[in-house]
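Peer 1: Got a structure for you, questions after.
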Amino acid sequence: MIKFLLTIISIVFLGEYVNAQNYKFGKVSQEELAEELHRLDPEAGAAVLYRKTNTSFKYNQNSSSFQAIIKVHERVKIYSKENGGEVATIQLPLYKGYGASDDKIINLKGSTYTLEDGGINEVKLTSNGIFLEEYTDYLDIKKFTMPNITDGAVIEYKYTIITPYIGNLSPYHFQETIPVDKVEMNFWAPEYMIFKIHNKGWYSFDIKREKRRDKIKLKYKVESSRLVGGSRNRIEEIELESNGYEVVLSDVPALKKEDFTSNIENYRSGIEFELNYTKFPNSPINTYSTSWDAVAKDINDSKKFGDQLSESKFFKKVLANVVDDSSSKEEKIVQIFEFVRSNIIWNGQKGIYASKGVRKAFDEKNGNSADINLLLVGLLREAGIDSNPVLISSKSNGIPLFPTRNGFDFVVAAVGGDGNPLLLDASHKLSAPQILNTELINWNGRMIRANGTSSAVNLNAPKIAVHNSFVSASIDADLVLKGNSKNRFTGHYGMEAREAYVGLNKEEQLSKIEQKNKSWEIEKASFKEMENIYKPLVLEYDFISESTVEEIGGKLYISPLLNMIPNQNYFKSENRLYPIDFEFAKEDKYNITIKIPEGYKVESLPEKLAINLKGGMGTFRFDISESNGVITVVEQKSINRSRFGAETYKDLQQYFKMITKKENEKIVLIKL
């Protein structure tokens, strides 16, 4: 009973703590500043103390259209500058260039509060801490960094965003990677606008709906033969009903990243408002809710997308110096891909619209991802090869909940139609045909055909990535392990290895290999096919280790895999919230021979083991034997698809637990 009463009392106190706060802008309290640890999450480096977002719509007389007015007020506690100081830099997306006026931000104010000499010290945000970064042709990023950040500081800021893009409003977030003490969201839309509501994330919430009466001034044109010029503008104040949506949450836990999670943002709790249709007085219904096919056609009709693929004379001129008419279709694909990949440098900017245009990107030898890959598609088509652009939403862009132009942020080329087309990305220098950067392997892409139709495209590589390792080792009289390792990497394993080692000098390469094999000292290493993305990468090196063989009580203990790989099970949590993303299907094969040192024999070897995950999700085989003083270890383990639902977690957890246990077992040698 006592324990029960204490629980009730603590809940009451927590509720009073939240409700007692003064959230008026500028009213930061000494209690907030003095707090050293978050009361519910002591390990948190920072916490959102309060966030309020209020959205309303205002009729713009000049443009005769509605604008969304989004007011934001946020107060954040920084417990540790080292672990939570990054929250002091805020980035706000501002859209532009879609045929309407651009987003703008007004009334930006902020301050940092600290305790000094028993009082509260305030340092205000100035223009020196505010920046505007041009991210793409259609998106700017407004950045501001709060001043005077120290352990225990509280930052507070507010701003208003005015946007004409009422059909493309940014999502409202209720959860962060840090705790959120209180969050409020109010959204008021006039009865003329009907929105669809999409809930996001794993943390549930309720939406309160209400209505109210509002007044707005509408400007419209009166047509009459009696008027001079036949018409005149008229402004009338009218009453209307507004639909309101409110979310209020307290003590929202931090969004914790789990191992093998693609983009944690996909699971953040929040809400999105999709404009379904508008029905203004004396006007027909305008439908905004759309499909991916309609979005694809809209993108294809753009001068910076579809028109870039109609430069036939330009493509024909370039192609004359690229392909040989006698080449086969497969040879032409490689010739054109290699030409673009080798001659046009990616400037690091994503985008589905050409930034410079294919002509200018070709002349200047650089461009964004759309410049490069639309050029690739155009050249392939000119060569008579069935090719189309494929739109992709990268992992950092998230998975869109409904069709929108901002749902995609990258474009690659595809050869072939439906099914499994050959995917090509000439912007990434180490990307081979059908091997996309893992940042781009994010659910499905959207293929855009010349006639504007579209279809979904599976972005996963059709072949499993394989790492083969052949190790020959011996143990000398001083119990020093010496040996040679030959490694062969295919598919995404080859891309990863090239990314790790390309451009490094010999010393840096040795250091990188040692980082992956921490108990080994690498004496020399050589690579084959480092620059040839069409062939497996081969790595061979000699190694020596004084710590792999352990002597205890006159017996020798040796890991069957010679400590090559970390024996760690990443699935330790009891439960799993989010899907598991391994990025690509993979297989690791190890073939190891260990020569037993003179004067020793085998006392015991680990047991053999075979595991099959249900549904063919994965396999594990471990075999070990000894013959003529040589121990042979063969291990093969595979994960046969890239993504798994959270419901498979227990099976995967058990699978890796058994593997980790087996790999931690020891070979035991005793003296003759």
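Residues in the structure tokens are named by chain (A, B, ... in the order shown) and by number from 1 within that chain; ligands are numbered from 1 in the order shown.
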For Ser625 in chain A, find every residue with an atom within 12 Å (counting only C-alpha atoms), except residues of its own chain fewer than 3 positions away, and show them as an mmCIF file with C-alpha atoms, in the first residue's frame.
Peer 2:
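As written to disk, around-v9.cif reads:
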```cif
data_model
loop_
_atom_site.group_PDB
_atom_site.id
_atom_site.type_symbol
_atom_site.label_atom_id
_atom_site.label_comp_id
_atom_site.auth_asym_id
_atom_site.auth_seq_id
_atom_site.Cartn_x
_atom_site.Cartn_y
_atom_site.Cartn_z
ATOM 1 C CA PRO A 560 37.994 -20.255 -34.022
ATOM 2 C CA ASN A 591 37.640 -20.571 -44.408
ATOM 3 C CA ILE A 592 40.417 -20.710 -41.815
ATOM 4 C CA THR A 593 43.300 -23.115 -41.293
ATOM 5 C CA ILE A 594 45.367 -23.045 -38.101
ATOM 6 C CA VAL A 602 43.699 -30.685 -29.480
ATOM 7 C CA SER A 604 38.531 -29.920 -27.386
ATOM 8 C CA LEU A 605 36.898 -28.181 -30.298
ATOM 9 C CA PRO A 606 33.596 -26.262 -30.380
ATOM 10 C CA GLU A 607 30.588 -28.245 -31.511
ATOM 11 C CA LYS A 608 29.365 -27.937 -35.088
ATOM 12 C CA PHE A 622 29.743 -23.647 -38.455
ATOM 13 C CA ASN A 628 47.419 -33.964 -39.325
ATOM 14 C CA GLY A 629 48.047 -31.097 -36.909
ATOM 15 C CA VAL A 630 45.892 -28.581 -38.827
ATOM 16 C CA ILE A 631 42.558 -27.224 -37.590
ATOM 17 C CA THR A 632 40.089 -26.193 -40.298
ATOM 18 C CA VAL A 633 37.232 -23.819 -39.517
ATOM 19 C CA VAL A 634 34.473 -23.102 -42.041
ATOM 20 C CA GLU A 635 31.777 -20.570 -41.190
ATOM 21 C CA ILE A 667 39.638 -24.177 -29.319
#
```
Peer 1: With a distance cut-off of 9 Å and only C-alpha atoms, select the neighbouring residues of Glu540 in chain A, excluding the residue or stretch itself and same-chain residues fewer than 6 positions from it, and output the selection as a PyMOL selection string.
Peer 2: chain A and resi 484-488+524-528
Peer 1: How would you write, as a list in words, the set of residues in range 325-462 of chain A that DSSP gives as strand (DSSP E)?
Peer 2: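 Residues of range 325-462 of chain A classed as strand (DSSP E): Ile345, Trp346, Asn366, Gly367, Ser387, Asn388, Pro389, Val390, Leu391, Ile392, Phe410, Val411, Val412, Ala413, Ala414, Val415, Leu422, Leu423, Leu424, Asn444, Gly445, Arg446, Met447, Ile448, Ser454, Ser455, Ala456, Val457 and Asn458 of chain A.
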Peer 1: Mind dumping a table of every range 23-120 of chain A residue within 7 Å of range 187-192 of chain A, with the nearest atom pair and its distance in Å to one decimal, using only C-alpha atoms, sorted by chain and rising number, as JSON lines?
Peer 2:
```
{"residue": "A:Asn54", "atom": "CA", "partner": "A:Phe187", "partner_atom": "CA", "distance": 6.0}
{"residue": "A:Thr55", "atom": "CA", "partner": "A:Phe187", "partner_atom": "CA", "distance": 4.7}
{"residue": "A:Ser56", "atom": "CA", "partner": "A:Trp188", "partner_atom": "CA", "distance": 5.0}
{"residue": "A:Phe57", "atom": "CA", "partner": "A:Ala189", "partner_atom": "CA", "distance": 6.2}
```
Peer 1: Identify which of the residues A:Ala34, A:Val412, A:Ile552, A:Ile464 lies closest to Arg641 in chain A, counting only C-alpha atoms when measuring atom-to-atom distances.
Peer 2: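 Among the listed residues, A:Ile464 lies closest to Arg641 in chain A.
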Peer 1: Need to verify the contact set: Asp151 in chain A, 9 Å, only C-alpha atoms, exclusion of same-chain residues closer than 2 positions in sequence. Can you return it as a ChimeraX atom specification?
Peer 2: /A:36,78-82,84-85,114,149,153
Peer 1: Could those selected residues go to a file with N, CA and C atoms, as a tab-separated table (two decimals), in the first residue's frame?
Peer 2:
```tsv
chain	number	residue	atom	x	y	z
A	36	GLU	N	19.62	20.09	-12.93
A	36	GLU	CA	20.86	19.49	-13.43
A	36	GLU	C	20.64	18.25	-14.27
A	78	ILE	N	19.41	22.72	-21.88
A	78	ILE	CA	20.64	22.01	-22.24
A	78	ILE	C	21.33	21.59	-20.94
A	79	TYR	N	21.27	20.31	-20.63
A	79	TYR	CA	21.92	19.81	-19.41
A	79	TYR	C	23.42	19.68	-19.60
A	80	SER	N	23.81	19.25	-20.79
A	80	SER	CA	25.23	19.06	-21.09
A	80	SER	C	25.52	19.64	-22.47
A	81	LYS	N	26.43	20.59	-22.53
A	81	LYS	CA	26.81	21.17	-23.82
A	81	LYS	C	27.43	20.11	-24.71
A	82	GLU	N	28.19	19.19	-24.12
A	82	GLU	CA	28.87	18.15	-24.90
A	82	GLU	C	27.88	17.17	-25.51
A	84	GLY	N	24.37	17.57	-25.52
A	84	GLY	CA	23.10	18.13	-25.98
A	84	GLY	C	23.21	19.48	-26.63
A	85	GLY	N	24.42	19.97	-26.81
A	85	GLY	CA	24.61	21.32	-27.34
A	85	GLY	C	24.18	21.50	-28.78
A	114	THR	N	21.16	31.85	-18.56
A	114	THR	CA	22.04	31.09	-17.66
A	114	THR	C	21.94	31.68	-16.26
A	149	ILE	N	26.19	29.19	-25.15
A	149	ILE	CA	25.72	27.86	-24.74
A	149	ILE	C	26.67	27.27	-23.70
A	153	ALA	N	22.24	25.76	-19.50
A	153	ALA	CA	21.58	26.89	-20.15
A	153	ALA	C	20.19	26.50	-20.63
```
Peer 1: Mind checking which residues fall within 10 Å of Lys109 in chain A, counting only C-alpha atoms, ignoring those fewer than 5 positions away in the same chain, and posting them as a PDB file with all heavy atoms, in the first residue's frame?
Peer 2:
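Resulting contents of around09.pdb:
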```
ATOM      1  N   PHE A  25       6.632  33.737 -23.292  1.00  0.00           N
ATOM      2  CA  PHE A  25       7.948  33.962 -23.873  1.00  0.00           C
ATOM      3  C   PHE A  25       8.751  34.939 -23.007  1.00  0.00           C
ATOM      4  O   PHE A  25       8.277  36.013 -22.637  1.00  0.00           O
ATOM      5  CB  PHE A  25       7.813  34.523 -25.294  1.00  0.00           C
ATOM      6  CG  PHE A  25       9.121  34.637 -26.026  1.00  0.00           C
ATOM      7  CD1 PHE A  25       9.730  33.522 -26.579  1.00  0.00           C
ATOM      8  CD2 PHE A  25       9.760  35.865 -26.151  1.00  0.00           C
ATOM      9  CE1 PHE A  25      10.935  33.614 -27.253  1.00  0.00           C
ATOM     10  CE2 PHE A  25      10.965  35.966 -26.824  1.00  0.00           C
ATOM     11  CZ  PHE A  25      11.559  34.836 -27.370  1.00  0.00           C
ATOM     12  N   HIS A  73       6.842  28.684 -30.933  1.00  0.00           N
ATOM     13  CA  HIS A  73       7.542  29.121 -29.717  1.00  0.00           C
ATOM     14  C   HIS A  73       8.150  27.877 -29.073  1.00  0.00           C
ATOM     15  O   HIS A  73       7.458  26.883 -28.853  1.00  0.00           O
ATOM     16  CB  HIS A  73       6.555  29.799 -28.763  1.00  0.00           C
ATOM     17  CG  HIS A  73       7.110  30.043 -27.392  1.00  0.00           C
ATOM     18  ND1 HIS A  73       6.317  30.125 -26.266  1.00  0.00           N
ATOM     19  CD2 HIS A  73       8.387  30.221 -26.940  1.00  0.00           C
ATOM     20  CE1 HIS A  73       7.066  30.338 -25.198  1.00  0.00           C
ATOM     21  NE2 HIS A  73       8.327  30.391 -25.582  1.00  0.00           N
ATOM     22  N   LYS A 124      20.909  37.733 -25.996  1.00  0.00           N
ATOM     23  CA  LYS A 124      19.953  37.660 -27.097  1.00  0.00           C
ATOM     24  C   LYS A 124      20.607  37.184 -28.398  1.00  0.00           C
ATOM     25  O   LYS A 124      21.787  37.416 -28.644  1.00  0.00           O
ATOM     26  CB  LYS A 124      19.304  39.029 -27.323  1.00  0.00           C
ATOM     27  CG  LYS A 124      18.400  39.459 -26.172  1.00  0.00           C
ATOM     28  CD  LYS A 124      17.674  40.766 -26.498  1.00  0.00           C
ATOM     29  CE  LYS A 124      16.717  41.136 -25.366  1.00  0.00           C
ATOM     30  NZ  LYS A 124      15.974  42.396 -25.674  1.00  0.00           N
ATOM     31  N   LEU A 125      19.803  36.505 -29.205  1.00  0.00           N
ATOM     32  CA  LEU A 125      20.221  36.109 -30.549  1.00  0.00           C
ATOM     33  C   LEU A 125      20.349  37.360 -31.410  1.00  0.00           C
ATOM     34  O   LEU A 125      19.466  38.219 -31.410  1.00  0.00           O
ATOM     35  CB  LEU A 125      19.172  35.165 -31.156  1.00  0.00           C
ATOM     36  CG  LEU A 125      19.355  34.774 -32.628  1.00  0.00           C
ATOM     37  CD1 LEU A 125      20.584  33.897 -32.813  1.00  0.00           C
ATOM     38  CD2 LEU A 125      18.101  34.045 -33.131  1.00  0.00           C
ATOM     39  N   THR A 126      21.468  37.484 -32.130  1.00  0.00           N
ATOM     40  CA  THR A 126      21.690  38.622 -33.016  1.00  0.00           C
ATOM     41  C   THR A 126      21.815  38.145 -34.460  1.00  0.00           C
ATOM     42  O   THR A 126      21.890  36.945 -34.741  1.00  0.00           O
ATOM     43  CB  THR A 126      22.967  39.388 -32.625  1.00  0.00           C
ATOM     44  OG1 THR A 126      24.114  38.550 -32.854  1.00  0.00           O
ATOM     45  CG2 THR A 126      22.920  39.811 -31.165  1.00  0.00           C
ATOM     46  N   GLU A 156      15.559  29.847 -25.723  1.00  0.00           N
ATOM     47  CA  GLU A 156      14.164  30.077 -26.066  1.00  0.00           C
ATOM     48  C   GLU A 156      14.114  30.928 -27.329  1.00  0.00           C
ATOM     49  O   GLU A 156      14.878  31.881 -27.492  1.00  0.00           O
ATOM     50  CB  GLU A 156      13.430  30.780 -24.917  1.00  0.00           C
ATOM     51  CG  GLU A 156      11.936  30.899 -25.151  1.00  0.00           C
ATOM     52  CD  GLU A 156      11.215  31.487 -23.950  1.00  0.00           C
ATOM     53  OE1 GLU A 156      11.727  32.475 -23.376  1.00  0.00           O
ATOM     54  OE2 GLU A 156      10.133  30.971 -23.597  1.00  0.00           O
ATOM     55  N   TYR A 157      13.229  30.554 -28.232  1.00  0.00           N
ATOM     56  CA  TYR A 157      13.115  31.312 -29.475  1.00  0.00           C
ATOM     57  C   TYR A 157      11.694  31.201 -30.005  1.00  0.00           C
ATOM     58  O   TYR A 157      10.930  30.290 -29.645  1.00  0.00           O
ATOM     59  CB  TYR A 157      14.111  30.819 -30.526  1.00  0.00           C
ATOM     60  CG  TYR A 157      14.112  29.333 -30.748  1.00  0.00           C
ATOM     61  CD1 TYR A 157      13.223  28.719 -31.630  1.00  0.00           C
ATOM     62  CD2 TYR A 157      15.001  28.511 -30.045  1.00  0.00           C
ATOM     63  CE1 TYR A 157      13.230  27.350 -31.820  1.00  0.00           C
ATOM     64  CE2 TYR A 157      15.009  27.133 -30.232  1.00  0.00           C
ATOM     65  CZ  TYR A 157      14.133  26.563 -31.126  1.00  0.00           C
ATOM     66  OH  TYR A 157      14.135  25.206 -31.311  1.00  0.00           O
ATOM     67  N   LYS A 158      11.347  32.152 -30.863  1.00  0.00           N
ATOM     68  CA  LYS A 158      10.056  32.105 -31.534  1.00  0.00           C
ATOM     69  C   LYS A 158      10.208  32.725 -32.914  1.00  0.00           C
ATOM     70  O   LYS A 158      11.111  33.525 -33.166  1.00  0.00           O
ATOM     71  CB  LYS A 158       8.979  32.832 -30.727  1.00  0.00           C
ATOM     72  CG  LYS A 158       9.183  34.332 -30.578  1.00  0.00           C
ATOM     73  CD  LYS A 158       8.026  34.941 -29.802  1.00  0.00           C
ATOM     74  CE  LYS A 158       8.181  36.452 -29.664  1.00  0.00           C
ATOM     75  NZ  LYS A 158       7.023  37.077 -28.971  1.00  0.00           N
ATOM     76  N   TYR A 159       9.323  32.324 -33.801  1.00  0.00           N
ATOM     77  CA  TYR A 159       9.351  32.846 -35.167  1.00  0.00           C
ATOM     78  C   TYR A 159       8.008  32.564 -35.815  1.00  0.00           C
ATOM     79  O   TYR A 159       7.199  31.769 -35.318  1.00  0.00           O
ATOM     80  CB  TYR A 159      10.482  32.217 -35.985  1.00  0.00           C
ATOM     81  CG  TYR A 159      10.440  30.711 -36.046  1.00  0.00           C
ATOM     82  CD1 TYR A 159       9.668  30.033 -36.987  1.00  0.00           C
ATOM     83  CD2 TYR A 159      11.176  29.943 -35.133  1.00  0.00           C
ATOM     84  CE1 TYR A 159       9.629  28.645 -37.018  1.00  0.00           C
ATOM     85  CE2 TYR A 159      11.138  28.551 -35.170  1.00  0.00           C
ATOM     86  CZ  TYR A 159      10.368  27.916 -36.115  1.00  0.00           C
ATOM     87  OH  TYR A 159      10.326  26.545 -36.154  1.00  0.00           O
ATOM     88  N   THR A 160       7.791  33.224 -36.936  1.00  0.00           N
ATOM     89  CA  THR A 160       6.578  33.003 -37.728  1.00  0.00           C
ATOM     90  C   THR A 160       6.969  32.723 -39.167  1.00  0.00           C
ATOM     91  O   THR A 160       7.782  33.450 -39.745  1.00  0.00           O
ATOM     92  CB  THR A 160       5.646  34.225 -37.677  1.00  0.00           C
ATOM     93  OG1 THR A 160       5.262  34.481 -36.322  1.00  0.00           O
ATOM     94  CG2 THR A 160       4.404  34.001 -38.525  1.00  0.00           C
TER      95      THR A 160
END
```
Peer 1: Which neighbours of Ala361 in chain A fall inside 12 Å, counting only C-alpha atoms, when residues of the same chain fewer than 3 positions from it are skipped, and could you give them as a list in words?
Peer 2: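 Using only C-alpha atoms, the neighbours found are Gln308, Val340, Asn343, Ile344, Ile345, Trp346, Asn347, Ala354, Ser355, Lys356, Gly357, Val358, Glu364, Lys365, Asn366, Gly367, Asn368, Ser369, Ala370, Asp371, Ile372, Asn373, Leu374, Leu375, Leu376 and Ser427 of chain A.
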Peer 1: Pull C-alpha atoms from the residues just selected and write them as a compact mmCIF listing (two decimals), in the first residue's frame.
Peer 2:
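Generated output (result_14.txt):
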```txt
# COMPACT_ATOMS: atom_id res chain seq x y z
CA GLN A 308 16.07 18.07 -70.19
CA VAL A 340 29.14 10.27 -67.59
CA ASN A 343 33.51 13.18 -66.80
CA ILE A 344 30.79 14.87 -64.73
CA ILE A 345 31.53 15.46 -61.04
CA TRP A 346 28.71 15.50 -58.52
CA ASN A 347 28.61 18.76 -56.54
CA ALA A 354 18.29 19.79 -62.95
CA SER A 355 20.15 22.64 -61.29
CA LYS A 356 22.22 23.75 -64.27
CA GLY A 357 20.65 21.71 -67.03
CA VAL A 358 22.28 18.83 -68.89
CA GLU A 364 31.19 22.73 -66.75
CA LYS A 365 31.83 19.06 -65.89
CA ASN A 366 29.78 19.18 -62.67
CA GLY A 367 26.20 19.32 -61.48
CA ASN A 368 23.65 17.98 -59.02
CA SER A 369 22.32 14.42 -59.06
CA ALA A 370 19.54 15.31 -61.54
CA ASP A 371 21.93 17.09 -63.94
CA ILE A 372 24.14 14.00 -64.06
CA ASN A 373 21.59 11.22 -64.21
CA LEU A 374 19.19 12.99 -66.59
CA LEU A 375 22.19 13.42 -68.90
CA LEU A 376 22.80 9.69 -68.55
CA SER A 427 26.82 10.75 -59.61
```
Peer 1: Identify which of the residues A:Val549, A:Val502, A:Trp443, A:Asn532 lies closest to Ala473 in chain A, counting only C-alpha atoms when measuring atom-to-atom distances.
Peer 2: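 Distance minimum relative to Ala473 in chain A lands on A:Val549.
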Peer 1: Need the shell around range 236-250 of chain A: protein/DNA/RNA residues with any atom at most 6 Å away, counting only C-alpha atoms. Skip same-chain ones fewer than 3 positions apart. Format as a list in words?
Peer 2: Asp181, Lys182, Val183, Glu184, Met185, Asn186, Phe187, Trp188, Ala189, Pro190, Glu191, Ile207, Lys208, Arg209, Glu210, Lys211, Arg212, Arg213, Asp214, Lys215, Ile216, Lys217 and Leu218 of chain A
Peer 1: Would you save the residues from that selection as a JSON list (two decimals), in the first residue's frame, using C-alpha atoms?
Peer 2:
```
[["chain", "number", "residue", "atom", "x", "y", "z"],
["A", 181, "ASP", "CA", 8.09, 17.93, -21.42],
["A", 182, "LYS", "CA", 5.14, 19.63, -23.08],
["A", 183, "VAL", "CA", 4.06, 20.16, -26.67],
["A", 184, "GLU", "CA", 0.98, 21.93, -28.02],
["A", 185, "MET", "CA", -0.25, 22.06, -31.62],
["A", 186, "ASN", "CA", -3.21, 24.11, -32.83],
["A", 187, "PHE", "CA", -4.34, 24.06, -36.46],
["A", 188, "TRP", "CA", -7.25, 26.23, -37.64],
["A", 189, "ALA", "CA", -8.45, 26.00, -41.24],
["A", 190, "PRO", "CA", -11.37, 27.88, -42.81],
["A", 191, "GLU", "CA", -14.31, 25.76, -43.93],
["A", 207, "ILE", "CA", -6.60, 14.87, -31.68],
["A", 208, "LYS", "CA", -9.19, 17.24, -30.24],
["A", 209, "ARG", "CA", -11.51, 18.65, -32.91],
["A", 210, "GLU", "CA", -13.57, 21.82, -32.55],
["A", 211, "LYS", "CA", -15.18, 24.61, -34.56],
["A", 212, "ARG", "CA", -15.37, 28.38, -34.23],
["A", 213, "ARG", "CA", -16.72, 31.38, -36.11],
["A", 214, "ASP", "CA", -14.22, 33.66, -37.86],
["A", 215, "LYS", "CA", -14.26, 36.69, -40.14],
["A", 216, "ILE", "CA", -12.14, 37.26, -43.22],
["A", 217, "LYS", "CA", -11.99, 39.84, -45.97],
["A", 218, "LEU", "CA", -12.32, 38.42, -49.48]]
```
